[in-house]
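Novice: Take this structure first; my questions come after.
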Amino acid sequence: MSDTEILATVMPSPFRRFAGLAMLVILGAMLVYVALATPPASLVWRIVLLGLGGLILWLADKMRRATQNGVVLTHDELRTTDGLVLVRLKDAEAVVRGSFSIKPSNGFSVLTKQRQPRGWAPGLWWRVGKRVGVGGVTAASQAKFMSEVLAVQLSRRDNQD
(Lines give C-alpha, C1' and ligand atoms only; values in the text may rest on other atoms or scores of the structure.)
Protein backbone atom coordinates (compact mmCIF):
# COMPACT_ATOMS: atom_id res chain seq x y z
CA MET A 1 0.00 0.00 0.00
CA SER A 2 1.25 3.44 -0.94
CA ASP A 3 1.11 6.23 1.65
CA THR A 4 -0.33 8.53 -1.02
CA GLU A 5 -3.09 6.11 -1.99
CA ILE A 6 -6.46 7.87 -1.80
CA LEU A 7 -8.79 6.01 0.57
CA ALA A 8 -11.81 8.32 0.40
CA THR A 9 -12.87 11.47 -1.40
CA VAL A 10 -15.45 14.13 -0.53
CA MET A 11 -16.54 16.38 -3.39
CA PRO A 12 -19.09 19.20 -3.39
CA SER A 13 -22.54 18.15 -4.51
CA PRO A 14 -23.38 20.10 -7.70
CA PHE A 15 -26.93 20.86 -6.53
CA ARG A 16 -25.88 21.97 -3.03
CA ARG A 17 -23.05 24.06 -4.49
CA PHE A 18 -25.41 25.78 -6.92
CA ALA A 19 -28.04 26.38 -4.23
CA GLY A 20 -25.51 27.83 -1.78
CA LEU A 21 -23.93 30.08 -4.36
CA ALA A 22 -27.31 31.22 -5.67
CA MET A 23 -28.49 32.17 -2.18
CA LEU A 24 -25.36 34.18 -1.48
CA VAL A 25 -25.43 35.99 -4.83
CA ILE A 26 -29.14 36.81 -4.54
CA LEU A 27 -28.73 38.12 -0.98
CA GLY A 28 -25.68 40.22 -1.88
CA ALA A 29 -27.33 41.60 -5.02
CA MET A 30 -30.52 42.44 -3.09
CA LEU A 31 -28.58 44.38 -0.46
CA VAL A 32 -26.72 46.37 -3.11
CA TYR A 33 -29.96 46.97 -5.02
CA VAL A 34 -31.80 48.22 -1.93
CA ALA A 35 -28.91 50.54 -1.08
CA LEU A 36 -28.88 52.05 -4.60
CA ALA A 37 -32.51 51.89 -5.80
CA THR A 38 -34.36 52.80 -2.61
CA PRO A 39 -31.73 54.52 -0.53
CA PRO A 40 -32.32 54.75 3.19
CA ALA A 41 -32.70 58.20 4.69
CA SER A 42 -29.34 57.94 6.42
CA LEU A 43 -26.06 57.82 4.49
CA VAL A 44 -24.68 55.51 7.19
CA TRP A 45 -27.32 52.86 6.43
CA ARG A 46 -26.60 53.12 2.70
CA ILE A 47 -22.91 52.50 3.38
CA VAL A 48 -23.76 49.58 5.69
CA LEU A 49 -26.02 47.98 3.06
CA LEU A 50 -23.43 48.45 0.31
CA GLY A 51 -20.69 47.06 2.57
CA LEU A 52 -22.72 44.00 3.56
CA GLY A 53 -23.77 43.38 -0.03
CA GLY A 54 -20.16 43.61 -1.20
CA LEU A 55 -18.99 41.33 1.61
CA ILE A 56 -21.58 38.69 0.78
CA LEU A 57 -20.73 38.84 -2.94
CA TRP A 58 -17.05 38.44 -2.04
CA LEU A 59 -17.97 35.44 0.13
CA ALA A 60 -19.92 33.92 -2.77
CA ASP A 61 -16.84 34.20 -4.99
CA LYS A 62 -14.64 32.69 -2.27
CA MET A 63 -17.10 29.80 -1.94
CA ARG A 64 -17.21 29.35 -5.74
CA ARG A 65 -13.42 29.04 -5.88
CA ALA A 66 -13.20 26.82 -2.78
CA THR A 67 -15.83 24.33 -3.92
CA GLN A 68 -14.01 23.65 -7.18
CA ASN A 69 -11.84 21.33 -5.05
CA GLY A 70 -12.61 18.39 -2.83
CA VAL A 71 -11.08 16.70 0.23
CA VAL A 72 -9.17 13.42 0.07
CA LEU A 73 -8.03 11.02 2.77
CA THR A 74 -4.75 9.12 2.41
CA HIS A 75 -2.91 6.89 4.89
CA ASP A 76 -0.96 9.92 6.17
CA GLU A 77 -3.18 12.97 5.85
CA LEU A 78 -6.45 14.67 5.15
CA ARG A 79 -5.90 17.18 2.33
CA THR A 80 -7.64 19.07 -0.42
CA THR A 81 -7.50 17.89 -4.02
CA ASP A 82 -5.17 20.80 -4.81
CA GLY A 83 -2.66 19.59 -2.18
CA LEU A 84 -3.32 21.72 0.92
CA VAL A 85 -2.85 19.53 4.02
CA LEU A 86 -5.72 19.99 6.47
CA VAL A 87 -4.42 17.61 9.14
CA ARG A 88 -1.82 14.87 9.33
CA LEU A 89 -3.21 11.67 10.80
CA LYS A 90 -0.41 11.48 13.36
CA ASP A 91 -1.84 14.74 14.82
CA ALA A 92 -5.47 13.52 14.84
CA GLU A 93 -7.09 12.24 18.03
CA ALA A 94 -10.71 11.46 17.18
CA VAL A 95 -13.48 11.84 14.63
CA VAL A 96 -16.64 13.62 15.78
CA ARG A 97 -19.83 13.01 13.82
CA GLY A 98 -22.69 13.23 16.30
CA SER A 99 -25.89 15.14 15.58
CA PHE A 100 -25.25 17.79 18.23
CA SER A 101 -21.47 18.10 17.80
CA ILE A 102 -19.63 21.06 16.37
CA LYS A 103 -19.22 20.08 12.74
CA PRO A 104 -20.19 21.34 9.29
CA SER A 105 -23.50 20.41 7.72
CA ASN A 106 -23.33 16.99 6.01
CA GLY A 107 -19.88 16.44 7.44
CA PHE A 108 -17.68 15.61 10.39
CA SER A 109 -14.90 17.14 12.44
CA VAL A 110 -11.52 15.85 13.53
CA LEU A 111 -10.11 16.65 16.97
CA THR A 112 -6.35 17.15 16.93
CA LYS A 113 -3.63 16.89 19.56
CA GLN A 114 -2.29 20.38 18.90
CA ARG A 115 -3.73 23.64 17.66
CA GLN A 116 -3.85 23.86 13.89
CA PRO A 117 -3.38 27.01 11.80
CA ARG A 118 -6.71 28.69 11.06
CA GLY A 119 -8.16 28.22 7.63
CA TRP A 120 -11.48 28.22 5.84
CA ALA A 121 -12.81 27.19 2.46
CA PRO A 122 -16.52 28.12 2.59
CA GLY A 123 -18.73 25.15 1.88
CA LEU A 124 -15.89 22.62 2.06
CA TRP A 125 -13.75 22.73 5.23
CA TRP A 126 -12.62 24.86 8.17
CA ARG A 127 -9.84 24.65 10.72
CA VAL A 128 -10.03 26.41 14.12
CA GLY A 129 -7.99 25.61 17.22
CA LYS A 130 -7.85 21.86 17.77
CA ARG A 131 -10.71 21.09 15.40
CA VAL A 132 -10.86 20.51 11.64
CA GLY A 133 -14.29 20.36 10.01
CA VAL A 134 -15.07 18.82 6.64
CA GLY A 135 -18.46 19.29 4.99
CA GLY A 136 -20.92 21.94 3.96
CA VAL A 137 -22.07 21.65 0.36
CA THR A 138 -20.63 18.15 0.19
CA ALA A 139 -22.51 14.91 -0.32
CA ALA A 140 -23.44 13.45 3.09
CA SER A 141 -22.78 9.88 1.96
CA GLN A 142 -19.19 10.67 0.92
CA ALA A 143 -18.49 12.52 4.18
CA LYS A 144 -19.94 9.66 6.23
CA PHE A 145 -17.79 7.12 4.39
CA MET A 146 -14.67 9.26 4.84
CA SER A 147 -15.34 9.74 8.56
CA GLU A 148 -15.78 5.98 9.04
CA VAL A 149 -12.56 5.15 7.18
CA LEU A 150 -10.74 7.82 9.18
CA ALA A 151 -12.12 6.48 12.47
CA VAL A 152 -10.93 2.97 11.56
CA GLN A 153 -7.47 4.30 10.70
CA LEU A 154 -7.21 6.15 14.01
CA SER A 155 -8.42 3.08 15.90
CA ARG A 156 -5.81 0.88 14.22
CA ARG A 157 -3.10 3.41 14.97
CA ASP A 158 -4.10 3.62 18.63
CA ASN A 159 -4.20 -0.19 18.98
CA GLN A 160 -0.66 -0.49 17.57
CA ASP A 161 0.73 1.86 20.23
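Following the order of the C-alpha coordinates, first chain is A, next is B, and so on, with residues numbered from 1 inside each chain and ligands from 1 in the order they appear.
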With a cut-off of 12 Å, could you pull out the residues of range 40-148 of chain A touching range 7-28 of chain A and give me the nearest pair of atoms for each, distance in Å to one decimal, using only C-alpha atoms, ordered by chain and ascending number, as a tab-separated table?

Specialist:
residue	atom	partner	partner_atom	distance
A:Leu49	CA	A:Gly28	CA	9.2
A:Leu50	CA	A:Gly28	CA	8.8
A:Gly51	CA	A:Gly28	CA	9.6
A:Leu52	CA	A:Gly28	CA	7.3
A:Gly53	CA	A:Gly28	CA	4.1
A:Gly54	CA	A:Gly28	CA	6.5
A:Leu55	CA	A:Gly28	CA	7.6
A:Ile56	CA	A:Gly28	CA	5.1
A:Leu57	CA	A:Gly28	CA	5.2
A:Trp58	CA	A:Gly28	CA	8.8
A:Leu59	CA	A:Leu24	CA	7.7
A:Ala60	CA	A:Leu24	CA	5.6
A:Asp61	CA	A:Leu21	CA	8.2
A:Lys62	CA	A:Leu21	CA	9.9
A:Met63	CA	A:Leu21	CA	7.3
A:Arg64	CA	A:Leu21	CA	6.9
A:Arg65	CA	A:Leu21	CA	10.7
A:Ala66	CA	A:Pro12	CA	9.6
A:Thr67	CA	A:Pro12	CA	6.1
A:Gln68	CA	A:Pro12	CA	7.7
A:Asn69	CA	A:Met11	CA	7.0
A:Gly70	CA	A:Met11	CA	4.4
A:Val71	CA	A:Val10	CA	5.1
A:Val72	CA	A:Thr9	CA	4.4
A:Leu73	CA	A:Ala8	CA	5.2
A:Thr74	CA	A:Leu7	CA	5.4
A:His75	CA	A:Leu7	CA	7.3
A:Asp76	CA	A:Leu7	CA	10.4
A:Glu77	CA	A:Leu7	CA	10.4
A:Leu78	CA	A:Ala8	CA	9.6
A:Arg79	CA	A:Thr9	CA	9.7
A:Thr80	CA	A:Val10	CA	9.2
A:Thr81	CA	A:Thr9	CA	8.8
A:Ser105	CA	A:Arg16	CA	11.1
A:Asn106	CA	A:Pro12	CA	10.5
A:Gly107	CA	A:Val10	CA	9.4
A:Phe108	CA	A:Val10	CA	11.2
A:Ala121	CA	A:Pro12	CA	11.7
A:Pro122	CA	A:Gly20	CA	10.0
A:Gly123	CA	A:Arg17	CA	7.8
A:Leu124	CA	A:Pro12	CA	7.2
A:Trp125	CA	A:Val10	CA	10.5
A:Val134	CA	A:Val10	CA	8.6
A:Gly135	CA	A:Val10	CA	8.1
A:Gly136	CA	A:Pro12	CA	8.1
A:Val137	CA	A:Arg16	CA	5.1
A:Thr138	CA	A:Pro12	CA	4.0
A:Ala139	CA	A:Ser13	CA	5.3
A:Ala140	CA	A:Val10	CA	8.8
A:Ser141	CA	A:Val10	CA	8.8
A:Gln142	CA	A:Val10	CA	5.3
A:Ala143	CA	A:Val10	CA	5.8
A:Lys144	CA	A:Val10	CA	9.3
A:Phe145	CA	A:Ala8	CA	7.3
A:Met146	CA	A:Ala8	CA	5.4
A:Ser147	CA	A:Ala8	CA	9.0
A:Glu148	CA	A:Ala8	CA	9.8

Novice: Between CA of Asp158 in chain A and CA of Gly119 in chain A, what distance in Å does the model show, to one decimal?

Specialist: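 One can read the CA of Asp158 in chain A to CA of Gly119 in chain A distance as 27.3 Å.
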
Novice: Using only C-alpha atoms, which of the listed residues (A:Val85, A:Gly133, A:Trp120, A:Glu93) sits closest to Gln153 in chain A?

Specialist: A:Glu93
